[in-house]
Amino acid sequence: MELVRPVQRSLRTAAVLTAVALLVTACGLGPGGGPAGAGTPTPSGAGHGGHDSSADPPVPAPLRDGERFVNLTMPQPYTPAAPNGGTDEYRCFLVDTGLTNPAYLTGSQFLPQNVDLVHHAIFFRIAPAEVTAARALDDRTPGAGWTCFGNSGIGGDAAWIAHWAPGANETLLAPNLGYEMPPGSHLVMQVHYNLLGAPAGAVGSDRSGIRLRLSDGGADFVPLHTTLLSAPVELPCAAEESGPLCDRAAAVADVAHRFGAEAEEAVGELNQYCNGGRAPTAGITQHCDHQVTEKSTLYALAGHMHLLGRSISVELNPGTAKARTLLDIPAYDFDAQAIRPLSTPVTVEPGDSYRVTCTHDAGLRRQLPALQPLPPRYVVWGEGTSDEMCLGLIVESHPA
């Protein structure tokens with residue numbers, strides 16, 4: 001994701017998303033409606049990959065007045081192959097919504113066909129004027145879709161409108177909230193495939209899809225936006241670990257080898273933005289402050305890290321008389337990433353600030369079967385499952 005504008009990015013500012021784009025069973029975003037089924041989270045050391053690959057997706061909530069379902073799938077099955085000796089592939093697929101009239105996206109339910117491979121998914125809305133360029137990129141790229149580490153891979157102003165990660169079911173917005181879907185708009189489905197532990201030659205294919213909940217809207221509808229808040233990751237090897245990748249420079253070079261020069265630039269840009277150009281300081285906890293640039297109303301938040309995540313929080317105006325905690329996940333669980341609605345919407349103004357803070361634990365490497373075969377490493381921001389992220393997501397509206 002772009003890191004040049006740290007408050008508006010996909011998963012390289014991230015994520016991600018990742019994972020990725022991050023939901024829990026029947027997450028309602030109505031006033032006071034917490035995510036159904038959300039219990040006390042457990043540390044991500046509980047493990048990724050424990051989800052049931054044979055289970056049918058839960059039944060969605062009933063349609064409300066004026067709503068309809070539209071089911072979309074990838075154009076054809078895809079068999080992922082991680083590039084450059086890595087264990088992760090980010091692949092983007094162009095999906096036609098078929099919309100001929102304006103609509104609002106009031107809910108969504110990702111339908112992962114092969115959950116043993118899918119780490120997270122993000123859906124970007126692209127305007128009709130950008131569809132030709134996306135289709136041309138798809139046509140000239142061998143195989144289905146195209147590689148897209150960090151964002152939609154097509155440039156332009158692709159808007160993040162939906163996302164999924166393990167533990168997710170349906171995202172259901174309040175009746176008068178939704179993401180605008182102009183006629184002729186398409187979706188770019190970015191899927192992060194995690195191939196850790198997959199036997200050579202036996203990866204399998206995937207043909208995931210999404211169920212859109214659409215409404216024609218009305219005069220009282222509030223259009224939504226997703227804002228992303230990222231912080232650096234500078235996690236050294238644990239005291240009992242050693243190896244070539246425990247050197248930060250070597251670890252950053254390894255990220256660049258697996259994901260390209262932009263991945264190294266992302267690490268540098270995050271540190272430049274969040275640390276004011278000071279040399280990065282290794283430690284288990286990192287944070288970043290983001291200035292609010294326009295008036296907004298906040299409805300819900302989520303947090304995203306990978307398998308070494310322990311806790312994540314988002315604060316508003318920290319260290320001031322107006323300080324308040326917007327999101328607090330003291331025991332992060334990768335397999336239960338929830339969008340968490342605010343009990344009452346919160347209004348922010350220019351001059352306010354957000355602080356996103358994450359704590360990671362290198363010791364979890366010894367507990368997770370997927371990570372145990374990998375060499376110890378100094379962990380920085382990266383797209384891979386064995387790398388890390390620190391990403392807060394805000395669902396908000398801007399005044400007309």
# chains A, B, ... in the order shown; residues from 1 in each chain; ligands from 1

$ select_by_dssp --residues "segment 50-211 of chain A" --states "helix (DSSP H, G or I)" --output "short mmCIF file (atom, residue, chain, number, x, y, z; two decimals) with N, CA and C atoms, in the first residue's frame"
data_model
loop_
_atom_site.label_atom_id
_atom_site.label_comp_id
_atom_site.auth_asym_id
_atom_site.auth_seq_id
_atom_site.Cartn_x
_atom_site.Cartn_y
_atom_site.Cartn_z
N PRO A 128 -15.81 3.63 -13.26
CA PRO A 128 -15.92 3.16 -14.64
C PRO A 128 -14.77 3.62 -15.53
N ALA A 129 -14.25 4.81 -15.29
CA ALA A 129 -13.17 5.32 -16.14
C ALA A 129 -11.88 4.53 -15.96
N GLU A 130 -11.75 3.78 -14.85
CA GLU A 130 -10.52 3.02 -14.59
C GLU A 130 -10.62 1.57 -15.03
N VAL A 131 -11.81 1.14 -15.44
CA VAL A 131 -12.02 -0.27 -15.77
C VAL A 131 -11.21 -0.69 -16.98
N THR A 132 -11.10 0.17 -17.98
CA THR A 132 -10.36 -0.19 -19.20
C THR A 132 -8.90 -0.48 -18.87
N ALA A 133 -8.28 0.36 -18.03
CA ALA A 133 -6.89 0.14 -17.67
C ALA A 133 -6.73 -1.15 -16.87
N ALA A 134 -7.67 -1.42 -15.99
CA ALA A 134 -7.60 -2.65 -15.20
C ALA A 134 -7.75 -3.88 -16.09
N ARG A 135 -8.67 -3.81 -17.04
CA ARG A 135 -8.88 -4.94 -17.94
C ARG A 135 -7.64 -5.16 -18.82
N ALA A 136 -6.99 -4.08 -19.24
CA ALA A 136 -5.78 -4.21 -20.06
C ALA A 136 -4.66 -4.86 -19.25
N LEU A 137 -4.52 -4.47 -17.99
CA LEU A 137 -3.51 -5.08 -17.13
C LEU A 137 -3.79 -6.57 -16.96
N ASP A 138 -5.03 -6.92 -16.76
CA ASP A 138 -5.41 -8.33 -16.62
C ASP A 138 -5.08 -9.10 -17.89
N ASP A 139 -5.38 -8.52 -19.05
CA ASP A 139 -5.16 -9.20 -20.33
C ASP A 139 -3.68 -9.46 -20.60
N ARG A 140 -2.81 -8.52 -20.20
CA ARG A 140 -1.39 -8.70 -20.53
C ARG A 140 -0.61 -9.46 -19.45
#

$ closest_atom_pairs --of "segment 175-253 of chain A" --to "segment 386-397 of chain A" --cutoff "10 Å" --atoms "only C-alpha atoms" --output "CSV"
residue,atom,partner,partner_atom,distance
A:Leu177,CA,A:Ser397,CA,8.9
A:Gly178,CA,A:Ser397,CA,9.6
A:Tyr179,CA,A:Ser397,CA,9.7
A:Asn194,CA,A:Ser386,CA,9.5
A:Leu196,CA,A:Ser386,CA,8.7
A:Val222,CA,A:Ser397,CA,6.9
A:Pro223,CA,A:Ser397,CA,6.2
A:Leu224,CA,A:Ser397,CA,4.7
A:His225,CA,A:Glu396,CA,5.4
A:Thr226,CA,A:Val395,CA,4.9
A:Thr227,CA,A:Ile394,CA,5.1
A:Leu228,CA,A:Leu393,CA,4.7
A:Leu229,CA,A:Gly392,CA,4.9
A:Ser230,CA,A:Leu391,CA,4.4
A:Ala231,CA,A:Cys390,CA,5.4
A:Pro232,CA,A:Cys390,CA,6.7
A:Val233,CA,A:Met389,CA,6.5
A:Glu234,CA,A:Glu388,CA,9.2
A:Leu235,CA,A:Glu388,CA,8.9
A:Ala251,CA,A:Asp387,CA,9.8

$ write_last_selection --atoms "all heavy atoms" --output "tab-separated table (two decimals), in the first residue's frame"
chain	number	residue	atom	x	y	z
A	177	LEU	N	-26.32	3.62	6.32
A	177	LEU	CA	-24.89	3.77	6.03
A	177	LEU	C	-24.51	2.87	4.86
A	177	LEU	O	-25.01	1.74	4.76
A	177	LEU	CB	-24.04	3.39	7.24
A	177	LEU	CG	-24.26	4.17	8.55
A	177	LEU	CD1	-23.37	3.61	9.64
A	177	LEU	CD2	-24.00	5.65	8.33
A	178	GLY	N	-23.62	3.35	4.01
A	178	GLY	CA	-23.17	2.49	2.91
A	178	GLY	C	-22.07	3.13	2.09
A	178	GLY	O	-21.84	4.34	2.15
A	179	TYR	N	-21.38	2.30	1.34
A	179	TYR	CA	-20.35	2.76	0.40
A	179	TYR	C	-21.01	2.98	-0.96
A	179	TYR	O	-21.74	2.11	-1.46
A	179	TYR	CB	-19.23	1.73	0.27
A	179	TYR	CG	-18.36	1.62	1.49
A	179	TYR	CD1	-18.65	0.71	2.50
A	179	TYR	CD2	-17.23	2.42	1.64
A	179	TYR	CE1	-17.85	0.60	3.63
A	179	TYR	CE2	-16.43	2.32	2.77
A	179	TYR	CZ	-16.74	1.41	3.75
A	179	TYR	OH	-15.95	1.31	4.88
A	194	ASN	N	-1.52	-17.35	1.54
A	194	ASN	CA	-0.45	-17.75	2.44
A	194	ASN	C	-0.12	-19.21	2.18
A	194	ASN	O	-0.95	-20.10	2.42
A	194	ASN	CB	-0.89	-17.53	3.90
A	194	ASN	CG	0.04	-18.21	4.88
A	194	ASN	OD1	1.22	-18.38	4.62
A	194	ASN	ND2	-0.50	-18.61	6.03
A	196	LEU	N	2.51	-20.90	3.53
A	196	LEU	CA	3.31	-21.51	4.58
A	196	LEU	C	2.77	-22.91	4.88
A	196	LEU	O	1.60	-23.10	5.18
A	196	LEU	CB	3.24	-20.67	5.86
A	196	LEU	CG	4.23	-19.52	6.00
A	196	LEU	CD1	3.90	-18.70	7.25
A	196	LEU	CD2	5.66	-20.02	6.06
A	222	VAL	N	-25.90	7.92	4.28
A	222	VAL	CA	-24.61	8.53	4.58
A	222	VAL	C	-23.51	7.72	3.89
A	222	VAL	O	-23.31	6.54	4.21
A	222	VAL	CB	-24.35	8.55	6.10
A	222	VAL	CG1	-22.97	9.14	6.39
A	222	VAL	CG2	-25.44	9.33	6.82
A	223	PRO	N	-22.77	8.31	2.93
A	223	PRO	CA	-21.70	7.57	2.26
A	223	PRO	C	-20.48	7.40	3.17
A	223	PRO	O	-20.09	8.33	3.87
A	223	PRO	CB	-21.36	8.44	1.04
A	223	PRO	CG	-21.87	9.80	1.38
A	223	PRO	CD	-23.00	9.63	2.34
A	224	LEU	N	-19.91	6.22	3.16
A	224	LEU	CA	-18.80	5.87	4.05
A	224	LEU	C	-17.47	5.88	3.32
A	224	LEU	O	-17.39	5.75	2.10
A	224	LEU	CB	-19.03	4.49	4.66
A	224	LEU	CG	-20.24	4.32	5.58
A	224	LEU	CD1	-20.37	2.88	6.02
A	224	LEU	CD2	-20.15	5.26	6.78
A	225	HIS	N	-16.42	6.00	4.13
A	225	HIS	CA	-15.04	5.90	3.65
A	225	HIS	C	-14.25	5.07	4.65
A	225	HIS	O	-14.62	4.99	5.83
A	225	HIS	CB	-14.40	7.29	3.52
A	225	HIS	CG	-15.17	8.24	2.66
A	225	HIS	ND1	-14.97	8.36	1.30
A	225	HIS	CD2	-16.18	9.11	2.97
A	225	HIS	CE1	-15.81	9.27	0.81
A	225	HIS	NE2	-16.55	9.74	1.80
A	226	THR	N	-13.17	4.46	4.18
A	226	THR	CA	-12.27	3.73	5.07
A	226	THR	C	-10.95	4.48	5.16
A	226	THR	O	-10.33	4.78	4.14
A	226	THR	CB	-12.00	2.31	4.54
A	226	THR	OG1	-13.25	1.61	4.43
A	226	THR	CG2	-11.08	1.54	5.49
A	227	THR	N	-10.53	4.80	6.37
A	227	THR	CA	-9.25	5.44	6.62
A	227	THR	C	-8.34	4.46	7.34
A	227	THR	O	-8.77	3.74	8.24
A	227	THR	CB	-9.43	6.71	7.49
A	227	THR	OG1	-10.10	7.70	6.71
A	227	THR	CG2	-8.10	7.26	7.95
A	228	LEU	N	-7.08	4.42	6.93
A	228	LEU	CA	-6.11	3.48	7.47
A	228	LEU	C	-5.02	4.22	8.23
A	228	LEU	O	-4.50	5.22	7.78
A	228	LEU	CB	-5.50	2.64	6.35
A	228	LEU	CG	-6.48	1.95	5.41
A	228	LEU	CD1	-5.72	1.16	4.35
A	228	LEU	CD2	-7.42	1.05	6.17
A	229	LEU	N	-4.69	3.71	9.40
A	229	LEU	CA	-3.67	4.30	10.27
A	229	LEU	C	-2.61	3.24	10.54
A	229	LEU	O	-2.90	2.22	11.16
A	229	LEU	CB	-4.28	4.75	11.60
A	229	LEU	CG	-5.56	5.60	11.55
A	229	LEU	CD1	-6.12	5.75	12.96
A	229	LEU	CD2	-5.25	6.96	10.94
A	230	SER	N	-1.39	3.46	10.09
A	230	SER	CA	-0.36	2.45	10.27
A	230	SER	C	0.75	2.97	11.16
A	230	SER	O	0.95	4.17	11.33
A	230	SER	CB	0.22	2.03	8.92
A	230	SER	OG	0.69	3.15	8.22
A	231	ALA	N	1.49	2.04	11.75
A	231	ALA	CA	2.64	2.34	12.58
A	231	ALA	C	3.77	1.39	12.18
A	231	ALA	O	3.51	0.29	11.67
A	231	ALA	CB	2.32	2.19	14.07
A	232	PRO	N	5.02	1.77	12.41
A	232	PRO	CA	6.13	0.89	12.05
A	232	PRO	C	6.13	-0.39	12.89
A	232	PRO	O	5.50	-0.47	13.95
A	232	PRO	CB	7.37	1.73	12.37
A	232	PRO	CG	6.88	3.13	12.55
A	232	PRO	CD	5.46	3.03	13.01
A	233	VAL	N	6.84	-1.37	12.41
A	233	VAL	CA	7.16	-2.57	13.17
A	233	VAL	C	8.67	-2.69	13.20
A	233	VAL	O	9.32	-2.68	12.15
A	233	VAL	CB	6.53	-3.83	12.54
A	233	VAL	CG1	6.90	-5.08	13.33
A	233	VAL	CG2	5.02	-3.69	12.43
A	234	GLU	N	9.24	-2.77	14.39
A	234	GLU	CA	10.70	-2.87	14.56
A	234	GLU	C	10.96	-3.91	15.67
A	234	GLU	O	11.36	-3.59	16.77
A	234	GLU	CB	11.31	-1.52	14.92
A	234	GLU	CG	11.17	-0.45	13.85
A	234	GLU	CD	12.09	-0.69	12.66
A	234	GLU	OE1	13.10	-1.43	12.82
A	234	GLU	OE2	11.81	-0.14	11.57
A	235	LEU	N	10.65	-5.17	15.35
A	235	LEU	CA	10.68	-6.23	16.35
A	235	LEU	C	11.97	-7.04	16.23
A	235	LEU	O	12.17	-7.78	15.25
A	235	LEU	CB	9.47	-7.15	16.14
A	235	LEU	CG	9.33	-8.31	17.13
A	235	LEU	CD1	9.05	-7.79	18.54
A	235	LEU	CD2	8.21	-9.26	16.67
A	251	ALA	N	17.30	-8.19	7.21
A	251	ALA	CA	15.86	-8.48	7.21
A	251	ALA	C	15.11	-7.58	6.25
A	251	ALA	O	14.21	-8.02	5.53
A	251	ALA	CB	15.31	-8.33	8.62

$ closest_residue --among "A:His163, A:Arg365, A:Arg207, A:His119" --to "Glu383 of chain A" --atoms "only C-alpha atoms"
A:His119

$ residues_around --residues "Val188 of chain A" --least-positions-apart "5" --cutoff "10 Å" --atoms "only C-alpha atoms" --output "PyMOL selection string"
chain A and resi 74+91-96+122-126+131+134+145+151-154+158-160

$ closest_residue --among "A:Gly243, A:Asn101, A:Phe149, A:Ile284" --to "Glu180 of chain A" --atoms "only C-alpha atoms"
A:Asn101

$ closest_residue --among "A:Ala266, A:Ala300, A:Gly217, A:Asp65" --to "Pro345 of chain A" --atoms "only C-alpha atoms"
A:Ala300

$ select_by_dssp --residues "segment 43-264 of chain A" --states "strand (DSSP E)" --output "ChimeraX atom specification"
/A:67-73,88-96,103-111,118-126,146-147,159-164,170-172,177-181,186-194,209-215,222-223,225-230,234-235

$ atom_distance --atom1 "atom CA of Ile210 of chain A" --atom2 "atom CA of Thr87 of chain A"
24.8 Å

$ closest_residue --among "A:Pro75, A:Ala121, A:Gly209, A:Leu105" --to "Ala144 of chain A" --atoms "only C-alpha atoms"
A:Pro75

$ closest_residue --among "A:Asp254, A:Asp328, A:Glu315, A:Glu170" --to "Leu111 of chain A" --atoms "only C-alpha atoms"
A:Glu170

$ atom_distance --atom1 "atom CA of Thr297 of chain A" --atom2 "atom CA of His398 of chain A"
6.5 Å

$ closest_residue --among "A:Pro58, A:Gly319, A:Gly268, A:Pro112" --to "Arg355 of chain A" --atoms "only C-alpha atoms"
A:Gly319

$ residues_around --residues "Leu63 of chain A" --least-positions-apart "3" --cutoff "10 Å" --atoms "only C-alpha atoms" --output "PDB file with all heavy atoms, in the first residue's frame"
ATOM      1  N   PRO A  60     -26.488 -15.432   5.948  1.00  0.00           N
ATOM      2  CA  PRO A  60     -26.464 -13.992   6.206  1.00  0.00           C
ATOM      3  C   PRO A  60     -27.715 -13.525   6.919  1.00  0.00           C
ATOM      4  O   PRO A  60     -28.739 -14.220   6.952  1.00  0.00           O
ATOM      5  CB  PRO A  60     -26.372 -13.387   4.804  1.00  0.00           C
ATOM      6  CG  PRO A  60     -27.021 -14.404   3.917  1.00  0.00           C
ATOM      7  CD  PRO A  60     -26.656 -15.741   4.516  1.00  0.00           C
ATOM      8  N   GLY A  66     -35.672  -2.619   0.831  1.00  0.00           N
ATOM      9  CA  GLY A  66     -34.920  -1.983  -0.237  1.00  0.00           C
ATOM     10  C   GLY A  66     -33.594  -2.633  -0.560  1.00  0.00           C
ATOM     11  O   GLY A  66     -32.892  -2.173  -1.464  1.00  0.00           O
ATOM     12  N   GLU A  67     -33.213  -3.719   0.144  1.00  0.00           N
ATOM     13  CA  GLU A  67     -31.923  -4.363  -0.102  1.00  0.00           C
ATOM     14  C   GLU A  67     -32.074  -5.577  -1.023  1.00  0.00           C
ATOM     15  O   GLU A  67     -33.145  -6.174  -1.140  1.00  0.00           O
ATOM     16  CB  GLU A  67     -31.294  -4.811   1.220  1.00  0.00           C
ATOM     17  CG  GLU A  67     -30.827  -3.677   2.094  1.00  0.00           C
ATOM     18  CD  GLU A  67     -30.150  -4.175   3.358  1.00  0.00           C
ATOM     19  OE1 GLU A  67     -30.441  -5.321   3.795  1.00  0.00           O
ATOM     20  OE2 GLU A  67     -29.338  -3.422   3.931  1.00  0.00           O
ATOM     21  N   ARG A  68     -30.963  -5.950  -1.641  1.00  0.00           N
ATOM     22  CA  ARG A  68     -30.896  -7.152  -2.465  1.00  0.00           C
ATOM     23  C   ARG A  68     -29.483  -7.722  -2.367  1.00  0.00           C
ATOM     24  O   ARG A  68     -28.535  -7.001  -2.046  1.00  0.00           O
ATOM     25  CB  ARG A  68     -31.236  -6.832  -3.927  1.00  0.00           C
ATOM     26  CG  ARG A  68     -30.262  -5.877  -4.595  1.00  0.00           C
ATOM     27  CD  ARG A  68     -30.772  -5.416  -5.955  1.00  0.00           C
ATOM     28  NE  ARG A  68     -29.834  -4.558  -6.660  1.00  0.00           N
ATOM     29  CZ  ARG A  68     -29.689  -3.262  -6.457  1.00  0.00           C
ATOM     30  NH1 ARG A  68     -30.442  -2.645  -5.537  1.00  0.00           N
ATOM     31  NH2 ARG A  68     -28.810  -2.550  -7.150  1.00  0.00           N
ATOM     32  N   PHE A  69     -29.349  -8.999  -2.619  1.00  0.00           N
ATOM     33  CA  PHE A  69     -28.044  -9.639  -2.651  1.00  0.00           C
ATOM     34  C   PHE A  69     -27.550  -9.742  -4.087  1.00  0.00           C
ATOM     35  O   PHE A  69     -28.326 -10.004  -5.018  1.00  0.00           O
ATOM     36  CB  PHE A  69     -28.099 -11.053  -2.064  1.00  0.00           C
ATOM     37  CG  PHE A  69     -28.215 -11.099  -0.563  1.00  0.00           C
ATOM     38  CD1 PHE A  69     -29.149 -11.934   0.032  1.00  0.00           C
ATOM     39  CD2 PHE A  69     -27.388 -10.333   0.247  1.00  0.00           C
ATOM     40  CE1 PHE A  69     -29.254 -11.999   1.413  1.00  0.00           C
ATOM     41  CE2 PHE A  69     -27.495 -10.380   1.628  1.00  0.00           C
ATOM     42  CZ  PHE A  69     -28.429 -11.220   2.214  1.00  0.00           C
ATOM     43  N   ARG A 213     -24.451  -6.868  -0.315  1.00  0.00           N
ATOM     44  CA  ARG A 213     -25.777  -6.435   0.108  1.00  0.00           C
ATOM     45  C   ARG A 213     -25.930  -5.004  -0.408  1.00  0.00           C
ATOM     46  O   ARG A 213     -25.219  -4.098   0.045  1.00  0.00           O
ATOM     47  CB  ARG A 213     -25.898  -6.486   1.631  1.00  0.00           C
ATOM     48  CG  ARG A 213     -27.257  -6.075   2.189  1.00  0.00           C
ATOM     49  CD  ARG A 213     -27.209  -6.058   3.713  1.00  0.00           C
ATOM     50  NE  ARG A 213     -27.046  -7.390   4.270  1.00  0.00           N
ATOM     51  CZ  ARG A 213     -28.042  -8.134   4.758  1.00  0.00           C
ATOM     52  NH1 ARG A 213     -29.274  -7.642   4.767  1.00  0.00           N
ATOM     53  NH2 ARG A 213     -27.815  -9.327   5.253  1.00  0.00           N
ATOM     54  N   LEU A 214     -26.816  -4.798  -1.359  1.00  0.00           N
ATOM     55  CA  LEU A 214     -26.941  -3.508  -2.030  1.00  0.00           C
ATOM     56  C   LEU A 214     -28.300  -2.884  -1.762  1.00  0.00           C
ATOM     57  O   LEU A 214     -29.307  -3.579  -1.624  1.00  0.00           O
ATOM     58  CB  LEU A 214     -26.738  -3.667  -3.535  1.00  0.00           C
ATOM     59  CG  LEU A 214     -25.366  -4.173  -3.992  1.00  0.00           C
ATOM     60  CD1 LEU A 214     -25.359  -4.406  -5.495  1.00  0.00           C
ATOM     61  CD2 LEU A 214     -24.266  -3.195  -3.597  1.00  0.00           C
ATOM     62  N   SER A 215     -28.301  -1.550  -1.720  1.00  0.00           N
ATOM     63  CA  SER A 215     -29.533  -0.776  -1.582  1.00  0.00           C
ATOM     64  C   SER A 215     -29.489   0.384  -2.562  1.00  0.00           C
ATOM     65  O   SER A 215     -28.403   0.908  -2.868  1.00  0.00           O
ATOM     66  CB  SER A 215     -29.668  -0.252  -0.154  1.00  0.00           C
ATOM     67  OG  SER A 215     -30.751   0.667  -0.054  1.00  0.00           O
TER      68      SER A 215
END

$ atom_distance --atom1 "atom CA of Ala336 of chain A" --atom2 "atom CA of Ala165 of chain A"
8.0 Å
